[in-house]
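What follows is structure.cif (mmCIF, C-alpha atoms).
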data_model
loop_
_atom_site.group_PDB
_atom_site.id
_atom_site.type_symbol
_atom_site.label_atom_id
_atom_site.label_comp_id
_atom_site.auth_asym_id
_atom_site.auth_seq_id
_atom_site.Cartn_x
_atom_site.Cartn_y
_atom_site.Cartn_z
ATOM 1 C CA MET A 151 142.963 86.266 -29.508
ATOM 2 C CA TRP A 152 144.140 89.578 -30.837
ATOM 3 C CA ILE A 153 142.988 93.013 -31.808
ATOM 4 C CA ARG A 154 144.511 95.629 -34.076
ATOM 5 C CA VAL A 155 143.871 99.327 -33.570
ATOM 6 C CA ARG A 156 144.897 102.209 -35.814
ATOM 7 C CA LEU A 157 146.208 104.904 -33.497
ATOM 8 C CA PRO A 158 144.361 108.219 -33.632
ATOM 9 C CA ARG A 159 145.984 111.642 -33.437
ATOM 10 C CA GLY A 160 146.996 112.702 -29.924
ATOM 11 C CA SER A 161 146.448 109.394 -28.134
ATOM 12 C CA PRO A 162 148.616 109.597 -24.972
ATOM 13 C CA SER A 163 145.919 107.872 -22.896
ATOM 14 C CA LEU A 164 144.397 105.526 -25.443
ATOM 15 C CA VAL A 165 141.129 103.763 -24.590
ATOM 16 C CA VAL A 166 140.271 100.888 -26.918
ATOM 17 C CA GLY A 167 136.867 99.348 -27.512
ATOM 18 C CA ILE A 168 137.109 95.564 -27.493
ATOM 19 C CA PRO A 169 135.191 94.230 -30.528
ATOM 20 C CA VAL A 170 131.975 92.374 -29.743
ATOM 21 C CA SER A 171 133.298 89.201 -31.406
ATOM 22 C CA ILE A 172 135.851 88.676 -28.601
ATOM 23 C CA LYS A 173 134.387 90.749 -25.761
ATOM 24 C CA ARG A 174 132.924 87.759 -23.887
ATOM 25 C CA TYR A 175 136.352 86.104 -23.794
ATOM 26 C CA VAL A 176 138.486 89.123 -22.913
ATOM 27 C CA CYS A 177 136.197 91.183 -20.642
ATOM 28 C CA PRO A 178 136.356 91.753 -17.797
ATOM 29 C CA GLY A 179 140.031 91.063 -17.190
ATOM 30 C CA SER A 180 143.478 92.362 -16.331
ATOM 31 C CA TYR A 181 146.497 91.332 -18.392
ATOM 32 C CA ALA A 182 150.195 91.739 -17.635
ATOM 33 C CA ALA A 183 151.457 93.552 -20.725
ATOM 34 C CA ALA A 184 154.814 92.965 -22.407
ATOM 35 C CA THR A 185 156.499 93.592 -25.721
ATOM 36 C CA VAL A 186 157.212 90.608 -27.948
ATOM 37 C CA ASP A 187 160.786 90.563 -26.582
ATOM 38 C CA GLY A 188 159.399 90.174 -23.051
ATOM 39 C CA SER A 189 159.870 93.717 -21.701
ATOM 40 C CA HIS A 190 157.135 94.456 -19.147
ATOM 41 C CA THR A 191 154.981 97.455 -20.096
ATOM 42 C CA GLY A 192 152.371 97.574 -17.334
ATOM 43 C CA LEU A 193 148.847 96.261 -17.014
ATOM 44 C CA ILE A 194 146.093 96.193 -19.631
ATOM 45 C CA VAL A 195 142.589 96.374 -18.173
ATOM 46 C CA ALA A 196 139.390 95.437 -20.018
ATOM 47 C CA ASP A 197 136.173 96.312 -18.193
ATOM 48 C CA GLN A 198 132.748 94.672 -18.390
ATOM 49 C CA ASP A 199 131.593 97.274 -20.933
ATOM 50 C CA GLY A 200 134.345 96.355 -23.398
ATOM 51 C CA LEU A 201 136.620 99.339 -22.792
ATOM 52 C CA SER A 202 140.343 98.668 -22.457
ATOM 53 C CA TRP A 203 143.249 100.855 -21.318
ATOM 54 C CA GLY A 204 146.837 100.670 -20.073
ATOM 55 C CA TYR A 205 148.666 101.102 -23.376
ATOM 56 C CA SER A 206 150.408 104.433 -22.648
ATOM 57 C CA ARG A 207 153.733 103.055 -21.399
ATOM 58 C CA PHE A 208 154.107 100.826 -24.446
ATOM 59 C CA LEU A 209 153.129 103.591 -26.881
ATOM 60 C CA ALA A 210 155.600 106.028 -25.303
ATOM 61 C CA ARG A 211 158.409 103.458 -25.209
ATOM 62 C CA THR A 212 157.999 102.569 -28.885
ATOM 63 C CA GLY A 213 157.489 106.126 -30.124
ATOM 64 C CA ALA A 214 154.142 105.201 -31.688
ATOM 65 C CA ASP A 215 152.636 107.805 -34.012
ATOM 66 C CA GLU A 216 149.237 108.625 -35.441
ATOM 67 C CA GLY A 217 148.307 106.012 -38.030
ATOM 68 C CA ASP A 218 150.491 103.253 -36.574
ATOM 69 C CA VAL A 219 148.693 99.988 -35.882
ATOM 70 C CA LEU A 220 148.808 98.622 -32.344
ATOM 71 C CA VAL A 221 148.414 94.853 -32.095
ATOM 72 C CA VAL A 222 147.382 93.319 -28.773
ATOM 73 C CA GLU A 223 147.448 89.537 -28.410
ATOM 74 C CA PHE A 224 145.552 88.363 -25.332
ATOM 75 C CA ASP A 225 146.624 85.116 -23.668
ATOM 76 C CA LEU A 226 143.510 84.224 -21.693
ATOM 77 C CA VAL A 227 145.069 81.290 -19.832
ATOM 78 C CA ASN A 228 148.073 83.220 -18.491
ATOM 79 C CA GLN A 229 146.284 86.601 -18.271
ATOM 80 C CA THR A 230 148.981 88.317 -20.352
ATOM 81 C CA ALA A 231 148.936 90.616 -23.378
ATOM 82 C CA SER A 232 151.710 90.885 -25.966
ATOM 83 C CA LEU A 233 151.950 94.282 -27.660
ATOM 84 C CA TRP A 234 153.619 95.322 -30.900
ATOM 85 C CA LEU A 235 153.268 97.821 -33.712
ATOM 86 C CA ASP A 236 152.341 96.578 -37.154
ATOM 87 C CA GLY A 237 152.739 98.402 -40.437
ATOM 88 C CA ALA A 238 149.769 100.687 -41.146
ATOM 89 C CA GLU A 239 149.699 99.445 -44.727
ATOM 90 C CA ASP A 240 148.879 95.953 -43.417
ATOM 91 C CA PHE A 241 145.631 97.068 -41.777
ATOM 92 C CA GLY A 242 143.619 95.433 -44.515
ATOM 93 C CA GLY A 243 142.008 98.538 -45.946
ATOM 94 C CA LEU A 244 139.009 98.225 -43.649
ATOM 95 C CA GLY A 245 138.828 101.925 -42.951
ATOM 96 C CA SER A 246 137.690 101.145 -39.405
ATOM 97 C CA GLU A 247 139.504 101.835 -36.181
ATOM 98 C CA SER A 248 139.859 98.260 -34.938
ATOM 99 C CA GLU A 249 139.448 94.626 -35.833
ATOM 100 C CA SER A 250 139.798 91.371 -33.969
ATOM 101 C CA GLN A 251 140.827 87.816 -34.616
ATOM 102 C CA LEU A 252 139.840 84.733 -32.652
ATOM 103 C CA GLU A 253 142.848 82.768 -33.874
ATOM 104 C CA ARG A 254 146.040 82.948 -31.861
ATOM 105 C CA GLY A 255 148.939 84.942 -33.296
ATOM 106 C CA PRO A 256 149.573 87.607 -35.901
ATOM 107 C CA ARG A 257 148.377 87.239 -39.440
ATOM 108 C CA SER A 258 150.957 86.543 -42.103
#

Let me see the structure of the file written as structure tokens.
Amino acid sequence: MWIRVRLPRGSPSLVVGIPVSIKRYVCPGSYAAATVDGSHTGLIVADQDGLSWGYSRFLARTGADEGDVLVVEFDLVNQTASLWLDGAEDFGGLGSESESQLERGPRS
């Protein structure tokens, strides 16, 4: 399962709302976070209310900017989260701040 979030201006301590469509699967939980190349970036926490945090180390390491799209792929079996930045132009034109996908893996 994954979510994509367009980064707002000034987001050093980003808190993400987990979309309702995947909330029951992801929340509550703690996920060891890593980049797609396997570099550990901390712990992502999702509480029972659907709020998630722990992205700051990854965002700082990658030099993420306003408008970039953060992708978080949750592995529910292994309690891990893979993080990467996706091109903002690939956000799908939804105009919303986040979206989710129940299928595993990034969209092509």

Q) Between A:Ala231, A:Val221, A:Val170, A:Ala210, which one has atoms that come closest to A:Val195, using all atoms listed in the file? A) A:Ala231

Q. Rounded to one decimal in Å, what is the spacing between atom CA of A:Ala182 and atom CA of A:Asp215?
A.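 Here the two named atoms are 23.1 Å from each other.
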
Q: Please work out which residues fall within 12 Å of (152.3, 91.5, -30.5), coordinates as given in the file, with all atoms listed in the file counting, and return them as number ranges by chain.
A: A: 151-155, 183-189, 208, 219-225, 230-236, 254-257

**Q.** Nearest residue to A:Gln198 from the set A:Gly213, A:Gly160, A:Pro178, A:Gly167 (distances using only C-alpha atoms)
**A.**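 Result for the nearest residue to A:Gln198: A:Pro178.
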
(Q) So, with only C-alpha atoms as the atoms that count, which of A:Gly179, A:Ser171, A:Ala214, A:Tyr205 lies closest to A:Val227? (A)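 Looking only at the distances to A:Val227, the closest residue turns out to be A:Gly179.
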
Q | Exercise: A:Arg159 partners within 12 Å, only C-alpha atoms, chain neighbours under 3 positions left out, as a VMD selection string | A | chain A and resid 156 162 to 164 214 to 218

I need the residues from that last selection saved to file as an mmCIF file, in the coordinates of the input (with C-alpha atoms), if you can.
data_model
loop_
_atom_site.group_PDB
_atom_site.id
_atom_site.type_symbol
_atom_site.label_atom_id
_atom_site.label_comp_id
_atom_site.auth_asym_id
_atom_site.auth_seq_id
_atom_site.Cartn_x
_atom_site.Cartn_y
_atom_site.Cartn_z
ATOM 1 C CA ARG A 156 144.897 102.209 -35.814
ATOM 2 C CA PRO A 162 148.616 109.597 -24.972
ATOM 3 C CA SER A 163 145.919 107.872 -22.896
ATOM 4 C CA LEU A 164 144.397 105.526 -25.443
ATOM 5 C CA ALA A 214 154.142 105.201 -31.688
ATOM 6 C CA ASP A 215 152.636 107.805 -34.012
ATOM 7 C CA GLU A 216 149.237 108.625 -35.441
ATOM 8 C CA GLY A 217 148.307 106.012 -38.030
ATOM 9 C CA ASP A 218 150.491 103.253 -36.574
#

Show which residues sit within 8 Å of A:Asp199, as a short mmCIF file (atom, residue, chain, number, x, y, z; two decimals) with C-alpha atoms, keeping the file's coordinate frame. Count all atoms listed in the file, and ignore same-chain residues fewer than 2 positions away.
data_model
loop_
_atom_site.label_atom_id
_atom_site.label_comp_id
_atom_site.auth_asym_id
_atom_site.auth_seq_id
_atom_site.Cartn_x
_atom_site.Cartn_y
_atom_site.Cartn_z
CA CYS A 177 136.20 91.18 -20.64
CA PRO A 178 136.36 91.75 -17.80
CA ASP A 197 136.17 96.31 -18.19
CA LEU A 201 136.62 99.34 -22.79
#

Q: Measure the distance from atom CA of A:Val166 to atom CA of A:Leu226 in Å and round it to one decimal.
A: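 Taking atom CA of A:Val166 and atom CA of A:Leu226, their separation equals 17.8 Å.
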
Q | Point-to-point distance from atom CA of A:Asn228 to atom CA of A:Ser180, Å rounded to tenths | A | 10.5 Å
